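Read through the structure below, which is laid out as structure tokens, and then see the notes.
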Amino acid sequence: MIKNVHYFSRNEVPKNIPEVRKIGLRGKEALEFAKLNLPVLPGLIIDADVAGRLDQEEKLETLLKKYFEKFSEKTGKGYGSKDNPLLLKIVVSPSLAISHYPTLHNFGLTHKTIPGFNKFVGENFGYHEVLFLVKGYLEIEAKIAELENNVKTIKAVEAALVSLSKTLKDKTKAADFKKELDKIEKILPEGFFSDSYTQMAIVLKRISYMLSIDELDDDDVALIIQPMVYGNYGKDSAAGYYNTRNVVTGEAKLEGEFFQGKFDSTVSDGKDINKLDKKYIGELAKCAKLVEEHFKEIRTIRFTVENKNVWFIDQRAVMSKSTQADIKTLLDLHSNKIIDDNYLIKAIKPTQLNEILHPVIDYGSTKALKDISGGISGAPGACIGKIYFSTEKLLEEYKLAQQNGLDTRFILCLTASFAEDVKAIEVSTGVLSSEGGYSAHASVVSRQYGKISLVKPDLKLNGNKAQVGGVTLKEGDYITLNVPHFGEPHIYLGQATLIEPKPDSSGLLYYLDIVKKYVKDFNVRVNADKARDAELALKFGADGIGLCRTEHMFFDEKRINVFREMIIAEDSSKRKASLKKLKTMQKKDFKSLFKIMNGKEVTIRLLDAPLHEFLPHNDADFKGFMDYLKSKKDVKVPTPKELKSLFEGLKEFNPMLGHRGCRIAVSYPEIYSMQVEAIFETVYELQKEKVIVKPELMIPLIMNPEELKLIIYGKKIEGFAYKGLMDIEKEVRAAMKAKPVDFKVGTMIELPASALGAGQIARYAQFFSFGTNDLTQTTLGLSRDDYNSFMPDYTLYDIISGNPFSLLDSNVKELISTAVRRGVLTRPDLKKGLCGEHGANPENIKFCMENGLDYVSCSTYSVPIAKLAIAQINLGVSGI
């Protein structure tokens, strides 16, 4: 049998490691830790070849004594010693994780050794452990009785276990434990408490018998015997646990607690692990490094200090840890050459980066707060703020808070957001809405501006109150939104504590530098119309701007009324007067974006939004516009009734398919003329400053080639000439005496008609940008703001799988691939991209790469996600 017993200790393992079938998973782990030079307790493994036949072993006690003496040398305690007894545990180690057996503790406690053990730990604890020993043994007997179908024994053992468990749970005094022991000892084998070796032999043979009659045991279960140590074994003892580093920040500093003179962490509050004696901290830090390098991740370690000796007890994965902590761990492992680029890149899921790009909640701060769970994640992260139920009220309170030095953290709470709410979303910390979902306006804009968005379908607004989750919220109440990318969102009533993201110090930028080496032949651009978004996107590795929404530039409070004045102008000349003012503003915006993107493509989408979106939508906005008109000199101010009549005339039944995009340019060519002039005046001014500019002009909502041809090249008809943007560029260049620059003109493919007609459209378009939000809506006939009201029913009956506004629908994919194929046949050098939040989904990115697209464009905070997804696709990560 000696060849089937394998001894291990710190840095001491068998020369030839047995296969897992023989030593089981726990045995394999024990040998791994011993080999790592961790301060493991010594042990022996009785392998599976003999573990089920120990009842036939005559020299078992002699063999055990040889190894138990080695245990004594390592621990300073003797098995069977009456003064300082060594206690042992038995671990059943199957080779399959699905098998489960109890761990058996405290063997060696007999009538002779109990007083010596109690001398160190006290009678109450000592006799508690005696009962715990008996409980483990009786669980083995219960299993045997069950396998033998011995009903009488099952009843007797179960009754004893019930009584014993109740005593262990409810009682704390030695007298009660002794009383229970006197009752149960009668059903234990003769000599169980007479001698330590006899006790061990009885237990091992009963376990072995259990394994021999268990049909599920196919000679693949081993037994491990190890000493036990106690954190309450004298004044120089302690128990504790710690994480190998900070699980939130990733700082390489031990994080945990120790419990001086205590058996475990359940009996009292502990002290910071870093306050433990330095001679122990050094050993624990070495353990942390070895364990991290072995598992290549943060782990939690349990340890015991017994009489000044540190012992590694076990370790496990950390369930609650931040992405930042994961990345910093991986970067440290990479720096130490434990892992390579390949492992580093594959270890983080792209969507995990959502967390590191936004604030995360400190869960310790939420314990005293009531919470409401559930909802749809629109933009992940966490935020705190006072809630207000309209853009006007939020902006009013925001100004007051700024003027008086008060808290400026506000959350916009409304049914659904529209274009005029962008200015409130921009200054808020987050948005709580009730309509739509991931692709709703509030969610899309929140992601663009790095805000948090939660959609709660049960949210009901009524005046200055809101009802959600059975709770009434009033304007001005503080709430905390926690919207994880994975898991259930929560609204906390009150203020929690947040941990703010720091891209520069979080390790993200260095991680992305490594990721970029594996992003080849496919680019990621950013959707940006603000300088700060463009600058941050560059830090994240953006390859240019794929979508600059010019309509967002007009919603600034200093511009919106000028734009409204242009909308209600009676004729072209008055419109042009307003547009002249707006051109100066647009040039300023374009200049900042071009300079930031120096040498990278900047795709500017000409005005797309329907004009009615710019009109006042409430009394306060209406009054503000009236006051603006009254402040103008030599302007005929309409009456409120006349103005409202004008606004009514601009409203549409279905604005998404109405007078928007290129259709505005056909009716009001001066609007696009102003924008094109602003672009090229800026381009040629920067040319003189030696700034490299690569503009791309994108015309939205094209349905046929004739529209595109008209807007690009113009048209002359009897009595009227429509000036195309190519002629406008030439006029600007001539007026500024500038040299030509390389620029492109293209279109957004967002209608099935334009996708199917891509071959003809490509005669005039130098690039296609697939606007998949609208292409999904127009292909499936689904409104992204309304579909959530009935989508659960469709999911219930498996009519549709997943969210089509997150994962591209198969029919939308077919339209894209058809458009690419037809477009390239007409124009082989056609550039193709996809813009919108579909572009941040790894599965969609893979589709784009496989179907000939050149880039995706997404919000600033999605750029790192897309970059990582591309790198993983190039490295062959499965599941994308």
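Scheme for the structure tokens: letters A, B, ... for chains in order shown; per-chain residue numbers from 1; ligand numbers from 1 in order shown.
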
(request) Determine, counting only C-alpha atoms, which protein, DNA and RNA residues have an atom within 10 Å of an atom of Leu44 of chain A; residues of the same chain fewer than 5 positions away are not included. Present the result as a PyMOL selection string. (result) chain A and resi 5-9+27+30-31+64+67-68+71+90+223-227

Write the residues of the selection above to a file with N, CA, C and O atoms, as a short mmCIF file (atom, residue, chain, number, x, y, z; two decimals), in the first residue's frame.
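Full text of result29.cif as output:
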```cif
data_model
loop_
_atom_site.label_atom_id
_atom_site.label_comp_id
_atom_site.auth_asym_id
_atom_site.auth_seq_id
_atom_site.Cartn_x
_atom_site.Cartn_y
_atom_site.Cartn_z
N VAL A 5 0.33 5.77 -1.21
CA VAL A 5 0.22 6.89 -0.27
C VAL A 5 1.26 7.93 -0.67
O VAL A 5 2.45 7.62 -0.80
N HIS A 6 0.79 9.17 -0.86
CA HIS A 6 1.66 10.22 -1.40
C HIS A 6 1.73 11.38 -0.40
O HIS A 6 0.73 12.05 -0.14
N TYR A 7 2.91 11.58 0.13
CA TYR A 7 3.12 12.65 1.13
C TYR A 7 3.44 13.97 0.42
O TYR A 7 4.11 14.00 -0.61
N PHE A 8 2.97 15.06 1.01
CA PHE A 8 3.33 16.39 0.49
C PHE A 8 3.48 17.37 1.65
O PHE A 8 2.92 17.20 2.74
N SER A 9 4.26 18.37 1.41
CA SER A 9 4.46 19.46 2.36
C SER A 9 4.96 20.66 1.56
O SER A 9 5.08 20.59 0.33
N GLY A 27 -6.86 16.60 -4.34
CA GLY A 27 -5.48 16.13 -4.22
C GLY A 27 -4.57 16.85 -5.22
O GLY A 27 -3.45 17.24 -4.89
N ALA A 30 -3.94 20.29 -3.88
CA ALA A 30 -3.03 20.27 -2.73
C ALA A 30 -1.57 20.15 -3.18
O ALA A 30 -0.69 20.84 -2.66
N LEU A 31 -1.31 19.30 -4.16
CA LEU A 31 0.05 19.13 -4.66
C LEU A 31 0.52 20.39 -5.41
O LEU A 31 1.69 20.76 -5.32
N LEU A 64 0.16 4.78 9.06
CA LEU A 64 -0.26 6.13 9.42
C LEU A 64 0.71 6.76 10.41
O LEU A 64 1.02 7.96 10.30
N TYR A 67 3.65 8.64 8.87
CA TYR A 67 3.37 9.96 8.29
C TYR A 67 2.93 10.96 9.35
O TYR A 67 3.25 12.15 9.28
N PHE A 68 2.21 10.49 10.36
CA PHE A 68 1.74 11.40 11.41
C PHE A 68 2.93 11.96 12.20
O PHE A 68 2.87 13.07 12.74
N PHE A 71 4.00 14.87 10.38
CA PHE A 71 3.10 15.98 10.68
C PHE A 71 3.53 16.67 11.97
O PHE A 71 3.53 17.90 12.08
N ILE A 90 -10.05 14.82 7.38
CA ILE A 90 -10.06 13.89 6.25
C ILE A 90 -10.91 14.52 5.14
O ILE A 90 -12.05 14.93 5.37
N LEU A 223 -8.44 9.86 -0.73
CA LEU A 223 -8.62 10.43 0.61
C LEU A 223 -7.38 11.25 0.96
O LEU A 223 -6.25 10.84 0.69
N ILE A 224 -7.61 12.42 1.54
CA ILE A 224 -6.51 13.29 1.96
C ILE A 224 -6.60 13.46 3.48
O ILE A 224 -7.68 13.71 4.02
N ILE A 225 -5.46 13.33 4.15
CA ILE A 225 -5.40 13.54 5.60
C ILE A 225 -4.42 14.68 5.85
O ILE A 225 -3.28 14.66 5.36
N GLN A 226 -4.88 15.69 6.60
CA GLN A 226 -4.03 16.84 6.91
C GLN A 226 -4.24 17.29 8.35
O GLN A 226 -5.33 17.11 8.92
N PRO A 227 -3.21 17.89 8.97
CA PRO A 227 -3.38 18.46 10.30
C PRO A 227 -4.34 19.64 10.29
O PRO A 227 -4.57 20.26 9.25
#
```

(request) Would you kindly return, as a PyMOL selection string, each protein, DNA or RNA residue with an atom no farther than 8 Å from any atom of Lys423 of chain A, considering only C-alpha atoms and excluding same-chain residues fewer than 2 positions away? (result) chain A and resi 391+420-421+425-427+555-557

(request) Using only C-alpha atoms, determine which residues lie at most 8 Å from Met566 of chain A, disregarding the query and same-chain residues fewer than 6 positions distant; provide the list as an MDAnalysis selection string. (result) chainID A and resid 574:579

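Interatomic distance, atom CA of Asn404 of chain A against atom CA of Ser428 of chain A: 17.5 Å.
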
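The interatomic distance for the pair atom CA of Leu204 of chain A and atom CA of Pro102 of chain A works out to 13.5 Å.
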
(message) For segment 817-832 of chain A, find every residue with an atom within 12 Å (counting only C-alpha atoms), except residues of its own chain fewer than 5 positions away, and show them as a ChimeraX atom specification.
(response) /A:522-523,546,601,603,696,744-771,810-812,847-857

(message) Can you tell me which residues surround Leu161 of chain A at a distance of at most 12 Å, considering only C-alpha atoms, apart from same-chain residues fewer than 5 positions away, and format the answer as a list in words?
(response)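 Non-adjacent residues within range: Leu131, Phe132, Leu133, Val134, Lys135, Gly136, Tyr137, Leu138, Glu139, Ile140, Glu141, Ala142, Ile154, Lys155, Ala156, Lys166, Thr167, Leu168, Lys169, Glu180, Leu181, Lys183, Ile184 and Ile187 of chain A.
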
(request) May I ask which of the residues A:Met656, A:Ile298, A:Met200, A:Ala382 is the closest one to Arg784 of chain A, counting only C-alpha atoms? (result) A:Met656

(request) Any chance you could list, as a list in words, the residues in segment 508-574 of chain A that come up strand (DSSP E or B) when DSSP is run on the backbone? (result)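 Matching residues for strand (DSSP E or B) in segment 508-574 of chain A are Asn523, Val524, Arg525, Val526, Asn527, Gly544, Ile545, Gly546, Leu547, Cys548 and Arg549 of chain A.
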
(request) Kindly give the distance, in Å, that separates atom CA of Ser505 of chain A and atom CA of Ser443 of chain A, rounded to a single decimal. (result) 27.5 Å

(message) Excluding Asp272 of chain A and its own-chain neighbours fewer than 4 positions away, which residues fall within 8 Å of it when counting only C-alpha atoms? Please give them as a VMD selection string.
(response) chain A and resid 255 to 258 276

Leaving out segment 674-679 of chain A and any residue of its chain fewer than 4 positions from it, which residues lie within 8 Å of it when counting only C-alpha atoms, given as a CSV table (one decimal) with N, CA, C and O atoms, in the first residue's frame?
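Final output, saved to result-v1.csv:
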```csv
chain,number,residue,atom,x,y,z
A,579,LEU,N,-29.1,82.1,-40.9
A,579,LEU,CA,-28.1,81.1,-41.2
A,579,LEU,C,-26.7,81.7,-41.2
A,579,LEU,O,-25.7,81.0,-40.8
A,580,LYS,N,-26.6,83.0,-41.5
A,580,LYS,CA,-25.2,83.6,-41.5
A,580,LYS,C,-24.7,83.7,-40.0
A,580,LYS,O,-23.5,83.4,-39.8
A,583,LYS,N,-23.7,80.1,-39.1
A,583,LYS,CA,-22.5,79.7,-39.8
A,583,LYS,C,-21.3,80.0,-38.9
A,583,LYS,O,-20.3,79.1,-38.8
A,584,THR,N,-21.2,81.1,-38.4
A,584,THR,CA,-20.1,81.5,-37.5
A,584,THR,C,-20.0,80.5,-36.3
A,584,THR,O,-18.9,80.1,-36.0
A,586,GLN,N,-21.2,77.4,-36.3
A,586,GLN,CA,-20.8,76.0,-36.8
A,586,GLN,C,-19.3,76.0,-37.1
A,586,GLN,O,-18.6,75.0,-36.9
A,587,LYS,N,-18.7,77.0,-37.7
A,587,LYS,CA,-17.3,77.1,-38.0
A,587,LYS,C,-16.5,76.9,-36.8
A,587,LYS,O,-15.5,76.2,-36.8
A,590,PHE,N,-16.6,73.1,-36.0
A,590,PHE,CA,-15.9,72.3,-36.9
A,590,PHE,C,-14.4,72.5,-36.7
A,590,PHE,O,-13.6,71.6,-36.8
A,606,LEU,N,-24.7,66.3,-42.5
A,606,LEU,CA,-25.5,67.5,-42.7
A,606,LEU,C,-26.8,67.3,-42.0
A,606,LEU,O,-27.2,66.2,-41.7
A,670,GLU,N,-30.6,76.5,-48.8
A,670,GLU,CA,-29.8,77.4,-48.1
A,670,GLU,C,-29.2,76.8,-46.8
A,670,GLU,O,-28.2,77.3,-46.3
A,683,VAL,N,-12.0,74.5,-43.3
A,683,VAL,CA,-10.9,73.6,-43.9
A,683,VAL,C,-9.8,74.5,-44.5
A,683,VAL,O,-8.6,74.3,-44.2
A,725,LEU,N,-23.2,71.0,-53.7
A,725,LEU,CA,-22.2,71.3,-52.7
A,725,LEU,C,-20.8,71.3,-53.4
A,725,LEU,O,-19.8,72.0,-52.9
A,728,ILE,N,-20.4,74.8,-54.4
A,728,ILE,CA,-20.1,75.7,-53.2
A,728,ILE,C,-18.7,75.6,-52.7
A,728,ILE,O,-18.1,76.6,-52.4
A,729,GLU,N,-18.1,74.3,-52.7
A,729,GLU,CA,-16.8,74.2,-52.3
A,729,GLU,C,-15.8,74.9,-53.2
A,729,GLU,O,-14.9,75.6,-52.8
A,732,VAL,N,-16.0,78.7,-52.4
A,732,VAL,CA,-15.2,79.0,-51.2
A,732,VAL,C,-13.7,79.0,-51.4
A,732,VAL,O,-13.0,79.9,-51.0
```
